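Trainee: mmCIF, C-alpha atoms, saved as entry_1.cif, coming up:
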```
data_final
loop_
_atom_site.label_atom_id
_atom_site.label_comp_id
_atom_site.auth_asym_id
_atom_site.auth_seq_id
_atom_site.Cartn_x
_atom_site.Cartn_y
_atom_site.Cartn_z
CA MET U 1 24.10 34.40 25.78
CA PHE U 2 22.26 32.89 22.85
CA LEU U 3 24.53 32.55 19.81
CA LEU U 4 23.21 32.36 16.27
CA LEU U 5 24.44 29.63 13.98
CA PRO U 6 26.02 30.79 10.67
CA PHE U 7 22.92 29.74 8.74
CA ASP U 8 20.58 31.50 11.18
CA SER U 9 22.73 34.61 11.04
CA LEU U 10 22.55 34.60 7.24
CA VAL U 11 18.77 34.30 7.29
CA VAL U 12 18.45 37.19 9.76
CA ASN U 13 20.76 39.37 7.66
CA LEU U 14 18.86 38.58 4.47
CA LEU U 15 15.56 39.30 6.20
CA GLY U 16 16.87 42.63 7.50
CA ILE U 17 18.15 43.60 4.06
CA SER U 18 14.82 42.64 2.45
CA ILE U 19 12.83 44.74 4.92
CA THR U 20 15.18 47.71 4.43
CA VAL U 21 14.94 47.48 0.64
CA LEU U 22 11.14 47.11 0.79
CA PHE U 23 10.75 50.12 3.07
CA THR U 24 13.09 52.20 0.89
CA LEU U 25 11.12 51.32 -2.26
CA LEU U 26 7.89 52.06 -0.38
CA LEU U 27 9.20 55.45 0.69
CA VAL U 28 10.70 56.47 -2.65
CA PHE U 29 8.04 55.21 -5.07
CA ILE U 30 4.81 55.52 -3.07
CA ILE U 31 4.90 57.61 0.12
CA VAL U 32 6.99 60.56 -1.12
CA PRO U 33 5.12 60.86 -4.46
CA ALA U 34 1.83 60.67 -2.51
CA ILE U 35 2.93 63.53 -0.25
CA PHE U 36 3.65 65.78 -3.23
CA GLY U 37 0.73 64.56 -5.32
CA VAL U 38 2.80 63.18 -8.19
CA SER U 39 2.79 59.81 -9.92
CA PHE U 40 5.38 57.82 -11.86
CA GLY U 41 2.67 56.19 -13.97
CA ILE U 42 3.29 52.72 -12.51
CA ARG U 43 -0.38 52.20 -11.62
CA LYS U 44 -1.56 53.03 -15.16
CA VAL U 45 0.90 50.54 -16.67
CA TYR U 46 -0.33 48.01 -14.10
CA MET U 47 -3.97 48.69 -15.08
CA LYS U 48 -3.27 48.29 -18.83
CA THR U 49 -1.47 45.00 -18.18
CA LEU U 50 -4.41 43.70 -16.17
CA LEU U 51 -6.84 44.64 -18.95
CA LYS U 52 -4.89 42.57 -21.47
CA ILE U 53 -4.83 39.59 -19.09
CA PHE U 54 -8.58 39.89 -18.44
CA GLN U 55 -9.33 40.01 -22.16
CA TRP U 56 -7.24 36.91 -22.83
CA ALA U 57 -8.79 35.00 -19.91
CA THR U 58 -12.33 35.90 -20.99
CA LEU U 59 -11.73 34.81 -24.58
CA ARG U 60 -10.19 31.54 -23.35
CA ILE U 61 -13.20 30.84 -21.10
CA GLU U 62 -15.68 31.58 -23.89
CA ARG U 63 -13.80 29.32 -26.32
CA GLY U 64 -13.59 26.50 -23.77
CA ALA U 65 -17.28 26.78 -22.91
CA LYS U 66 -18.19 26.69 -26.59
CA GLU U 67 -16.04 23.58 -27.17
CA LYS U 68 -17.71 21.75 -24.26
CA ASN U 69 -21.15 23.08 -25.17
CA HIS U 70 -21.68 24.56 -21.71
CA PRO U 71 -23.72 27.74 -21.12
CA LEU U 72 -21.29 30.40 -19.97
CA TYR U 73 -23.50 33.19 -18.66
CA LYS U 74 -26.68 33.12 -16.68
CA PRO U 75 -29.87 33.20 -18.71
CA TYR U 76 -30.60 36.48 -16.94
CA VAL U 77 -28.26 38.90 -15.26
CA ASN U 78 -28.70 41.23 -12.36
CA GLY U 79 -28.27 44.26 -14.55
CA ILE U 80 -29.93 47.62 -15.03
CA ILE U 81 -33.35 47.73 -16.67
CA ALA U 82 -34.22 51.33 -17.39
CA LYS U 83 -37.96 51.98 -17.63
CA GLU U 84 -39.77 54.92 -19.12
CA PRO U 85 -41.40 56.97 -16.35
CA THR U 86 -45.17 56.86 -16.88
CA SER U 87 -47.97 57.75 -14.51
CA LEU U 88 -50.65 55.45 -13.16
CA GLU U 89 -53.33 57.39 -15.03
CA GLU U 90 -51.51 57.19 -18.37
CA GLU U 91 -50.99 53.43 -18.12
CA ILE U 92 -54.59 52.68 -17.10
CA LYS U 93 -55.88 54.84 -19.97
CA GLU U 94 -53.65 52.89 -22.36
CA ILE U 95 -55.10 49.59 -21.07
CA ARG U 96 -58.65 50.93 -21.44
CA ARG U 97 -57.89 52.25 -24.91
CA SER U 98 -56.68 48.85 -26.11
CA GLY U 99 -59.40 46.81 -24.42
CA SER U 100 -62.59 48.85 -24.73
CA GLY U 101 -64.37 50.77 -27.39
CA LYS U 102 -65.98 53.12 -24.86
CA ALA U 103 -64.87 56.65 -24.10
CA LEU U 104 -62.01 56.68 -21.62
CA ASP U 105 -63.78 58.90 -19.09
CA THR U 106 -67.23 57.23 -19.29
CA PRO U 107 -66.95 54.40 -16.73
CA GLU U 108 -66.00 55.00 -13.13
CA PHE U 109 -64.36 51.63 -12.98
CA GLU U 110 -63.48 49.00 -15.55
CA LEU U 111 -62.48 45.44 -14.87
CA SER U 112 -59.44 45.96 -17.11
CA ASP U 113 -57.97 48.32 -14.48
CA ILE U 114 -57.11 45.24 -12.45
CA PHE U 115 -54.58 44.20 -15.09
CA TYR U 116 -52.49 47.30 -14.37
CA PHE U 117 -52.03 46.37 -10.70
CA CYS U 118 -51.44 42.69 -11.51
CA ARG U 119 -48.77 43.59 -14.05
CA LYS U 120 -47.07 46.00 -11.66
CA GLY U 121 -47.00 43.36 -8.96
CA ILE U 122 -45.45 40.74 -11.24
CA GLU U 123 -42.91 43.27 -12.57
CA THR U 124 -41.87 44.10 -9.02
CA ILE U 125 -41.35 40.44 -8.18
CA MET U 126 -39.43 39.64 -11.38
CA ASP U 127 -37.46 42.88 -11.58
CA ASP U 128 -37.19 44.40 -8.12
CA GLU U 129 -35.40 47.65 -8.86
CA VAL U 130 -34.70 48.27 -5.17
CA THR U 131 -33.34 44.99 -3.79
CA LYS U 132 -30.92 44.45 -6.68
CA ARG U 133 -29.28 47.81 -5.94
CA PHE U 134 -27.85 46.24 -2.78
CA SER U 135 -26.06 43.29 -4.35
CA ALA U 136 -22.94 43.21 -6.49
CA GLU U 137 -23.56 43.22 -10.22
CA GLU U 138 -22.04 40.33 -12.12
CA LEU U 139 -19.51 41.06 -14.86
CA GLU U 140 -19.55 39.70 -18.37
CA SER U 141 -15.79 39.23 -18.28
CA TRP U 142 -13.54 37.33 -15.87
CA ASN U 143 -11.27 39.43 -13.66
CA LEU U 144 -9.58 36.50 -11.89
CA LEU U 145 -11.43 37.47 -8.71
CA SER U 146 -14.87 35.97 -9.12
CA ARG U 147 -16.62 33.74 -11.63
CA THR U 148 -19.23 35.51 -13.68
CA ASN U 149 -21.31 32.44 -14.43
CA TYR U 150 -23.35 29.99 -12.42
CA ASN U 151 -21.91 26.96 -14.23
CA PHE U 152 -18.15 27.53 -14.31
CA GLN U 153 -16.05 24.42 -14.87
CA TYR U 154 -12.40 23.64 -15.45
CA ILE U 155 -11.27 25.08 -18.80
CA SER U 156 -7.49 24.73 -19.10
CA LEU U 157 -4.33 24.27 -17.05
CA ARG U 158 -2.94 27.65 -18.12
CA LEU U 159 -6.07 29.43 -16.91
CA THR U 160 -5.94 27.65 -13.56
CA VAL U 161 -2.25 28.46 -13.13
CA LEU U 162 -2.97 32.10 -14.00
CA TRP U 163 -5.72 32.25 -11.35
CA GLY U 164 -3.40 30.67 -8.73
CA LEU U 165 -0.63 33.12 -9.60
CA GLY U 166 -3.12 35.97 -9.18
CA VAL U 167 -4.05 34.72 -5.70
CA LEU U 168 -0.37 34.62 -4.68
CA ILE U 169 0.26 38.12 -6.01
CA ARG U 170 -2.79 39.62 -4.34
CA TYR U 171 -2.42 37.96 -0.94
CA CYS U 172 1.34 37.53 -0.59
CA PHE U 173 2.59 40.74 -2.21
CA LEU U 174 -0.14 43.35 -2.64
CA LEU U 175 -1.94 42.73 0.67
CA PRO U 176 1.12 43.21 2.98
CA LEU U 177 2.18 46.24 0.96
CA ARG U 178 -1.27 47.81 1.18
CA ILE U 179 -1.61 47.10 4.90
CA ALA U 180 1.76 48.81 5.48
CA LEU U 181 0.61 51.84 3.47
CA ALA U 182 -2.75 52.00 5.24
CA PHE U 183 -1.06 51.80 8.63
CA THR U 184 1.36 54.56 7.58
CA GLY U 185 -1.45 56.81 6.33
CA ILE U 186 -3.66 56.37 9.40
CA SER U 187 -0.75 56.77 11.82
CA LEU U 188 0.36 59.98 10.11
CA LEU U 189 -3.22 61.28 10.11
CA VAL U 190 -3.68 60.73 13.85
CA THR U 191 -0.22 62.03 14.76
CA GLY U 192 -0.26 64.98 12.35
CA THR U 193 -3.74 66.26 13.23
CA THR U 194 -3.03 65.90 16.96
CA VAL U 195 0.15 67.97 16.68
CA VAL U 196 -1.52 70.59 14.46
CA GLY U 197 -4.40 70.77 16.92
CA TYR U 198 -2.10 72.25 19.59
CA LEU U 199 -1.20 75.20 17.35
CA PRO U 200 -3.06 78.52 17.85
CA ASN U 201 -5.86 79.23 15.41
CA GLY U 202 -4.68 81.11 12.35
CA ARG U 203 -3.51 80.76 8.79
CA CYS U 204 -0.55 78.58 9.71
CA LYS U 205 -2.76 76.03 11.49
CA GLU U 206 -5.28 76.06 8.64
CA PHE U 207 -2.54 75.55 6.04
CA LEU U 208 -0.92 72.67 7.93
CA SER U 209 -4.27 71.03 8.69
CA LYS U 210 -5.28 71.02 5.02
CA HIS U 211 -2.01 69.55 3.84
CA VAL U 212 -1.77 66.93 6.60
CA HIS U 213 -5.25 65.69 5.67
CA LEU U 214 -4.47 65.76 1.95
CA MET U 215 -1.14 63.96 2.38
CA CYS U 216 -2.61 61.17 4.52
CA TYR U 217 -5.61 60.62 2.26
CA ARG U 218 -3.31 60.32 -0.75
CA ILE U 219 -1.26 57.66 1.04
CA CYS U 220 -4.49 55.78 1.86
CA VAL U 221 -5.50 55.99 -1.80
CA ARG U 222 -2.20 54.31 -2.69
CA ALA U 223 -3.02 51.63 -0.13
CA LEU U 224 -5.96 50.63 -2.35
CA THR U 225 -4.00 51.02 -5.59
CA ALA U 226 -6.72 53.48 -6.55
CA ILE U 227 -6.55 54.92 -10.05
CA ILE U 228 -8.80 57.98 -10.09
CA THR U 229 -9.67 60.26 -13.02
CA TYR U 230 -10.97 63.69 -12.00
CA HIS U 231 -13.02 65.69 -14.50
CA ASP U 232 -13.90 69.42 -14.54
CA ARG U 233 -11.76 70.37 -11.57
CA GLU U 234 -12.71 74.02 -12.01
CA ASN U 235 -16.05 73.08 -10.38
CA ARG U 236 -14.48 71.75 -7.19
CA PRO U 237 -16.40 72.70 -4.01
CA ARG U 238 -15.48 75.99 -2.33
CA ASN U 239 -15.62 77.24 1.24
CA GLY U 240 -19.07 77.87 2.64
CA GLY U 241 -20.72 75.31 0.37
CA ILE U 242 -21.96 71.74 0.60
CA CYS U 243 -20.54 68.94 -1.53
CA VAL U 244 -23.04 66.14 -2.19
CA ALA U 245 -22.17 62.88 -3.96
CA ASN U 246 -23.66 59.47 -4.67
CA HIS U 247 -22.55 56.84 -2.19
CA THR U 248 -21.10 53.43 -3.10
CA SER U 249 -18.47 52.78 -0.46
CA PRO U 250 -16.84 54.20 2.69
CA ILE U 251 -13.77 54.86 0.53
CA ASP U 252 -15.77 57.56 -1.31
CA VAL U 253 -14.47 59.86 1.40
CA ILE U 254 -10.79 59.35 0.66
CA ILE U 255 -11.46 59.32 -3.10
CA LEU U 256 -12.77 62.89 -2.87
CA ALA U 257 -10.57 64.12 0.00
CA SER U 258 -7.39 63.14 -1.85
CA ASP U 259 -8.18 65.87 -4.39
CA GLY U 260 -9.58 68.63 -2.18
CA TYR U 261 -10.24 69.89 1.32
CA TYR U 262 -13.46 69.02 3.13
CA ALA U 263 -15.06 69.15 6.54
CA MET U 264 -16.57 65.75 7.30
CA VAL U 265 -20.01 65.14 8.77
CA GLY U 266 -20.81 61.97 10.64
CA GLN U 267 -21.79 60.14 13.78
CA ILE U 268 -19.31 59.75 16.62
CA HIS U 269 -17.87 56.24 16.81
CA GLY U 270 -15.83 54.31 19.33
CA GLY U 271 -12.68 52.24 18.91
CA LEU U 272 -10.12 53.09 16.25
CA MET U 273 -12.58 55.21 14.28
CA GLY U 274 -13.28 57.26 17.42
CA VAL U 275 -9.54 57.87 17.95
CA ILE U 276 -9.23 59.11 14.35
CA GLN U 277 -12.29 61.36 14.68
CA ARG U 278 -11.07 62.97 17.91
CA ALA U 279 -7.65 63.63 16.38
CA MET U 280 -9.10 65.08 13.16
CA VAL U 281 -11.49 67.49 14.86
CA LYS U 282 -8.60 69.08 16.77
CA ALA U 283 -7.06 70.31 13.52
CA CYS U 284 -10.17 70.96 11.41
CA PRO U 285 -13.80 71.91 12.21
CA HIS U 286 -15.37 68.60 11.26
CA VAL U 287 -18.99 68.12 12.37
CA TRP U 288 -19.44 64.99 14.49
CA PHE U 289 -22.78 64.11 16.07
CA GLU U 290 -23.71 61.98 19.04
CA ARG U 291 -26.11 59.12 18.27
CA SER U 292 -28.97 60.91 20.05
CA GLU U 293 -28.29 64.13 18.10
CA VAL U 294 -28.44 62.40 14.70
CA LYS U 295 -32.12 61.60 15.27
CA ASP U 296 -32.88 65.30 15.88
CA ARG U 297 -33.17 66.65 12.32
CA HIS U 298 -33.52 70.27 13.47
CA LEU U 299 -30.36 70.11 15.59
CA VAL U 300 -28.41 68.64 12.70
CA ALA U 301 -29.70 71.35 10.34
CA LYS U 302 -28.73 74.03 12.86
CA ARG U 303 -25.17 72.71 13.20
CA LEU U 304 -24.75 72.53 9.42
CA THR U 305 -26.23 76.02 8.92
CA GLU U 306 -23.79 77.51 11.43
CA HIS U 307 -20.92 75.86 9.58
CA VAL U 308 -21.79 77.02 6.05
CA GLN U 309 -22.54 80.57 7.20
CA ASP U 310 -18.84 80.97 8.02
CA LYS U 311 -17.34 81.40 4.54
CA SER U 312 -13.85 80.73 5.89
CA LYS U 313 -14.73 77.13 6.79
CA LEU U 314 -14.19 74.20 4.45
CA PRO U 315 -17.07 72.85 2.36
CA ILE U 316 -19.05 70.09 4.03
CA LEU U 317 -18.97 66.64 2.41
CA ILE U 318 -22.32 64.82 2.60
CA PHE U 319 -23.73 61.62 1.08
CA PRO U 320 -27.50 62.32 1.10
CA GLU U 321 -28.55 58.75 0.20
CA GLY U 322 -27.62 57.70 3.72
CA THR U 323 -26.50 54.22 2.64
CA CYS U 324 -24.28 52.54 0.05
CA ILE U 325 -25.77 51.70 -3.37
CA ASN U 326 -24.15 49.23 -5.76
CA ASN U 327 -22.66 51.65 -8.31
CA THR U 328 -25.57 51.26 -10.74
CA SER U 329 -28.07 53.81 -9.41
CA VAL U 330 -28.72 56.90 -7.34
CA MET U 331 -31.53 56.60 -4.81
CA MET U 332 -33.53 59.18 -2.89
CA PHE U 333 -31.57 62.08 -1.38
CA LYS U 334 -32.55 63.02 2.16
CA LYS U 335 -33.76 66.62 2.11
CA GLY U 336 -31.94 67.83 5.26
CA SER U 337 -28.81 69.16 3.55
CA PHE U 338 -30.93 70.92 0.90
CA GLU U 339 -32.98 72.92 3.41
CA ILE U 340 -30.02 74.96 4.59
CA GLY U 341 -29.91 77.35 1.64
CA ALA U 342 -26.18 76.98 0.93
CA THR U 343 -24.66 76.51 -2.52
CA VAL U 344 -24.56 72.82 -3.42
CA TYR U 345 -21.66 71.33 -5.37
CA PRO U 346 -22.77 68.01 -6.91
CA VAL U 347 -20.18 65.27 -7.53
CA ALA U 348 -20.72 62.03 -9.46
CA ILE U 349 -18.57 58.99 -8.66
CA LYS U 350 -18.52 55.92 -10.90
CA TYR U 351 -16.35 52.84 -10.21
CA ASP U 352 -15.05 50.38 -12.81
CA PRO U 353 -16.07 46.96 -11.37
CA GLN U 354 -13.78 44.84 -13.54
CA PHE U 355 -10.78 45.59 -11.30
CA GLY U 356 -12.62 45.19 -8.00
CA ASP U 357 -16.11 45.70 -6.61
CA ALA U 358 -16.09 48.81 -4.42
CA PHE U 359 -19.69 48.41 -3.20
CA TRP U 360 -20.04 47.79 0.53
CA ASN U 361 -22.95 45.51 1.33
CA SER U 362 -23.07 46.33 5.04
CA SER U 363 -25.81 43.77 5.69
CA LYS U 364 -23.52 41.01 4.42
CA TYR U 365 -19.95 42.09 5.28
CA GLY U 366 -18.50 43.80 8.32
CA MET U 367 -16.03 46.66 7.92
CA VAL U 368 -12.94 44.47 8.48
CA THR U 369 -14.11 41.88 5.92
CA TYR U 370 -14.96 44.63 3.46
CA LEU U 371 -11.55 46.28 3.78
CA LEU U 372 -9.87 42.90 3.32
CA ARG U 373 -11.85 42.42 0.10
CA MET U 374 -10.78 45.87 -1.06
CA MET U 375 -7.12 45.28 -0.28
CA THR U 376 -7.12 41.92 -2.06
CA SER U 377 -8.71 43.32 -5.20
CA TRP U 378 -6.55 44.14 -8.18
CA ALA U 379 -7.19 47.86 -7.93
CA ILE U 380 -9.90 50.45 -7.36
CA VAL U 381 -10.54 52.36 -10.58
CA CYS U 382 -13.05 55.18 -10.72
CA SER U 383 -14.01 58.45 -12.38
CA VAL U 384 -15.08 61.59 -10.51
CA TRP U 385 -17.02 64.41 -12.15
CA TYR U 386 -17.32 67.83 -10.49
CA LEU U 387 -20.61 69.36 -11.65
CA PRO U 388 -21.35 73.12 -11.77
CA PRO U 389 -22.65 74.53 -8.45
CA MET U 390 -26.42 74.56 -7.97
CA SER U 391 -28.65 76.76 -5.82
CA ARG U 392 -32.20 76.36 -4.67
CA GLN U 393 -34.63 78.27 -6.88
CA PRO U 394 -37.35 80.48 -5.37
CA GLU U 395 -40.22 78.21 -6.41
CA GLU U 396 -38.50 74.99 -5.27
CA ASP U 397 -38.93 73.22 -1.97
CA ALA U 398 -36.12 71.14 -0.45
CA VAL U 399 -37.39 67.85 -1.93
CA GLN U 400 -37.58 69.25 -5.47
CA PHE U 401 -34.10 70.74 -5.15
CA ALA U 402 -32.72 67.43 -3.87
CA ASN U 403 -34.30 65.57 -6.80
CA ARG U 404 -32.87 68.06 -9.30
CA VAL U 405 -29.36 67.61 -7.89
CA LYS U 406 -29.79 63.82 -7.83
CA SER U 407 -30.88 63.76 -11.46
CA ALA U 408 -27.83 65.79 -12.50
CA ILE U 409 -25.50 63.37 -10.70
CA ALA U 410 -27.25 60.35 -12.23
CA ARG U 411 -27.00 61.75 -15.77
CA GLN U 412 -23.32 62.57 -15.47
CA GLY U 413 -22.34 59.27 -13.86
CA GLY U 414 -24.43 57.10 -16.20
CA LEU U 415 -26.51 55.88 -13.24
CA VAL U 416 -30.20 55.02 -12.98
CA ASP U 417 -32.19 57.76 -11.22
CA LEU U 418 -34.53 56.15 -8.66
CA LEU U 419 -37.03 57.78 -6.31
CA TRP U 420 -36.90 54.93 -3.77
CA ASP U 421 -35.50 55.51 -0.29
CA GLY U 422 -32.23 53.69 0.36
CA GLY U 423 -33.59 52.92 3.82
CA LEU U 424 -35.56 50.08 2.19
CA LYS U 425 -32.29 48.17 2.41
CA ARG U 426 -33.30 47.30 5.97
CA GLU U 427 -36.92 48.47 6.29
CA LYS U 428 -40.26 47.65 4.71
CA VAL U 429 -42.16 50.00 2.41
CA LYS U 430 -43.99 52.59 4.47
CA ASP U 431 -47.79 52.51 4.55
CA THR U 432 -47.84 56.12 3.36
CA PHE U 433 -46.38 55.07 -0.01
CA LYS U 434 -49.06 52.42 -0.51
CA GLU U 435 -51.71 54.94 0.50
CA GLU U 436 -50.32 57.39 -2.04
CA GLN U 437 -50.87 54.89 -4.88
CA GLN U 438 -54.40 54.24 -3.65
CA LYS U 439 -55.12 57.97 -3.58
CA LEU U 440 -53.86 58.39 -7.13
CA TYR U 441 -56.25 55.75 -8.43
CA SER U 442 -59.12 57.05 -6.32
CA LYS U 443 -58.48 60.60 -7.56
CA MET U 444 -58.61 59.43 -11.15
CA ILE U 445 -62.00 57.73 -10.62
CA VAL U 446 -63.49 60.55 -8.52
CA GLY U 447 -62.13 63.11 -10.94
CA ASN U 448 -63.93 61.45 -13.84
CA HIS U 449 -67.14 61.37 -11.81
CA GLU U 450 -66.86 65.09 -10.96
CA ASP U 451 -66.19 65.95 -14.59
CA ARG U 452 -69.38 64.12 -15.67
CA SER U 453 -71.38 65.87 -12.94
CA ARG U 454 -70.31 69.28 -14.25
CA SER U 455 -71.24 68.31 -17.78
#
```
Here is the file; what I need is its structure written in the form of structure tokens.
Mentor:
Amino acid sequence: MFLLLPFDSLVVNLLGISITVLFTLLLVFIIVPAIFGVSFGIRKVYMKTLLKIFQWATLRIERGAKEKNHPLYKPYVNGIIAKEPTSLEEEIKEIRRSGSGKALDTPEFELSDIFYFCRKGIETIMDDEVTKRFSAEELESWNLLSRTNYNFQYISLRLTVLWGLGVLIRYCFLLPLRIALAFTGISLLVTGTTVVGYLPNGRCKEFLSKHVHLMCYRICVRALTAIITYHDRENRPRNGGICVANHTSPIDVIILASDGYYAMVGQIHGGLMGVIQRAMVKACPHVWFERSEVKDRHLVAKRLTEHVQDKSKLPILIFPEGTCINNTSVMMFKKGSFEIGATVYPVAIKYDPQFGDAFWNSSKYGMVTYLLRMMTSWAIVCSVWYLPPMSRQPEEDAVQFANRVKSAIARQGGLVDLLWDGGLKREKVKDTFKEEQQKLYSKMIVGNHEDRSRS
């Protein structure tokens, strides 16, 4: 039999005691409070401490850059440039007004019209308001995670030591703790929903299903050290409705589901995600689609309509953009969920990027890499606004209703309201859009001609 030396025995005992103490602290201060939805305020103290450190580090960098006469920030930043919405006809008339003394409707075509299209083309190249929505926005302060300038150089020993200490804390302490919490939350979700799924349908099953989901999502929120502020909770989605929200990250789901009960909608996956989906649907009527079904818009609409018509079923959670946007804008909402006729509950989600960038650039990072980046961030801080419910008006079509809901979300979240399709993340502009611009210009010219003919 293998015998341990005294020193080895001491190490094993100390390791066992450390694991026991860590698990006890995990259970008492994180898991149990998450189950009951309470907080000791530790995360808020942690957030305030980080803010003070960030402020000091930023001031130290700015002072060091000034002393060495180095430019600190880029001459231009990938920020938000809000433009006044003006029509093609209005802008061309303005160009004609400033460049010609003739009446605006006299010529069918003026050479100055070319300047409008040239300017638009250059603006699009210099300030592409679509492409930049799929890349992380740089900060104007240092959060010890990434450098916010293209020319960063060594500033001071204290700053370097602080950055190194931050790396040790995030990777050696926070990361193992968060992985343990995530594993606990996912394991409880699969086990709990599977067990609840064997119960007969009724109030007991519904009650247990709701609270198992809520408990597990709250544990997963703790795994990200998420600090969430919910506003206007009286407007939270109700049964038989559809909850629509802007989409920044896959964690949007647990951000919302840790404060309410939802039926999820999504495509069926394989692997670990497939195991979770199959367990969840046993306890709750989530709506999962096969890949072939997702392409059939009418079948999807039928499944969603059947769900919302049953007022006893949970509200459906949908992200109509269909892809993740970088927390600066809201892009075109797909009209499918607005054709059903159900009450829509808009929700605006806005993340604070100085603690960690929640945006998932799926074309650059895989899911595992993205989750690793999330779990090695300082925290995930965000605000959630529940907007008053909205219904489709008699004179509105589905597209108009979707745009009205999108505009309300953008206003509340302080986001830029864009009409572009998020599908441009991977696809080229459709020919129909280019043809639409050509038709607008042609209509303006032909319209002027017809007006002169009548006169």
Trainee: Would you compute the distance between atom CA of U:Ala358 and atom CA of U:Ser249? Give it in Å to one decimal.
Mentor: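 Taking atom CA of U:Ala358 as the start and atom CA of U:Ser249 as the end point, the length is 6.1 Å.
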Trainee: Using the chain letters and numbers from the file, which residues does the PyMOL selection byres ((chain U and resi 280) around 9) grab, as a compact mmCIF listing (two decimals) with C-alpha atoms, in the frame of the given file?
Mentor:
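Ended up saving to expr.txt:
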```txt
# COMPACT_ATOMS: atom_id res chain seq x y z
CA LEU U 189 -3.22 61.28 10.11
CA VAL U 190 -3.68 60.73 13.85
CA GLY U 192 -0.26 64.98 12.35
CA THR U 193 -3.74 66.26 13.23
CA THR U 194 -3.03 65.90 16.96
CA GLY U 197 -4.40 70.77 16.92
CA SER U 209 -4.27 71.03 8.69
CA HIS U 213 -5.25 65.69 5.67
CA VAL U 275 -9.54 57.87 17.95
CA ILE U 276 -9.23 59.11 14.35
CA GLN U 277 -12.29 61.36 14.68
CA ARG U 278 -11.07 62.97 17.91
CA ALA U 279 -7.65 63.63 16.38
CA VAL U 281 -11.49 67.49 14.86
CA LYS U 282 -8.60 69.08 16.77
CA ALA U 283 -7.06 70.31 13.52
CA CYS U 284 -10.17 70.96 11.41
CA PRO U 285 -13.80 71.91 12.21
CA HIS U 286 -15.37 68.60 11.26
```
Trainee: Excluding same-chain residues fewer than 6 positions from U:Ile380, what lies within 7 Å of it counting all atoms listed in the file, as a PyMOL selection string?
Mentor: chain U and resi 224-227+355-356
Trainee: Determine, using only C-alpha atoms, which residues of stretch 341-406 of chain U have any atom at most 9 Å from an atom of stretch 33-48 of chain U, and tabulate each with its shortest atom pair and distance in Å to one decimal place, rows ordered by chain and then rising number, as a tab-separated table.
Mentor:
```
residue	atom	partner	partner_atom	distance
U:Phe355	CA	U:Met47	CA	8.4
U:Trp378	CA	U:Met47	CA	8.7
U:Ala379	CA	U:Met47	CA	7.9
U:Val381	CA	U:Met47	CA	8.8
```
Trainee: Would you translate the PyMOL selection byres ((chain U and resi 255) around 12) into the concrete set of residues it matches in this file, as a ChimeraX atom specification?
Mentor: /U:214,216-230,245,247-254,256-262,317,347-351,358,380-385
Trainee: Using all atoms listed in the file for the distances, tell me which of U:Leu304, U:Leu272, U:Leu199, U:Leu50 is nearest to U:Gly240.
Mentor: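 When distances to U:Gly240 are compared using all atoms listed in the file, the smallest one comes from U:Leu304.
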Trainee: For each of U:Leu14, U:Val344, U:Ile53, U:Met264, take the minimum atom-to-atom distance to U:Gly241, counting only C-alpha atoms, then give the residue where this is smallest.
Mentor: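 Counting only C-alpha atoms, the residue closest to U:Gly241 is U:Val344.
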Trainee: Tell me which of U:Gln309, U:Ser337, U:Gln267, U:Ser9 sits closest to U:Ala402, counting only C-alpha atoms.
Mentor: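 Selected residue with least distance to U:Ala402: U:Ser337.
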Trainee: Any idea what's packed within 6 Å of stretch 163-176 of chain U, counting only C-alpha atoms, ignoring anything in its chain fewer than 6 positions away? Could you give it as a short mmCIF file (atom, residue, chain, number, x, y, z; two decimals) with C-alpha atoms, keeping the file's coordinate frame?
Mentor:
```cif
data_model
loop_
_atom_site.label_atom_id
_atom_site.label_comp_id
_atom_site.auth_asym_id
_atom_site.auth_seq_id
_atom_site.Cartn_x
_atom_site.Cartn_y
_atom_site.Cartn_z
CA LEU U 144 -9.58 36.50 -11.89
CA MET U 375 -7.12 45.28 -0.28
CA THR U 376 -7.12 41.92 -2.06
#
```
Trainee: Could you check how far atom CA of U:Asn327 sits from atom CA of U:Arg133, in Å to one decimal?
Mentor: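 So the two atoms, atom CA of U:Asn327 and atom CA of U:Arg133, lie 8.0 Å apart.
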Trainee: Just to confirm, what's the straight-line distance from atom CA of U:Met331 to atom CA of U:Trp142 in Å (one decimal)?
Mentor: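 It comes out at 28.6 Å.
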Trainee: Please write the residues picked by the PyMOL selection byres ((chain U and resi 408-410) around 10) on this file as an MDAnalysis selection string.
Mentor: chainID U and resid 244:246 328:331 346:350 385:388 390 403:407 411:418
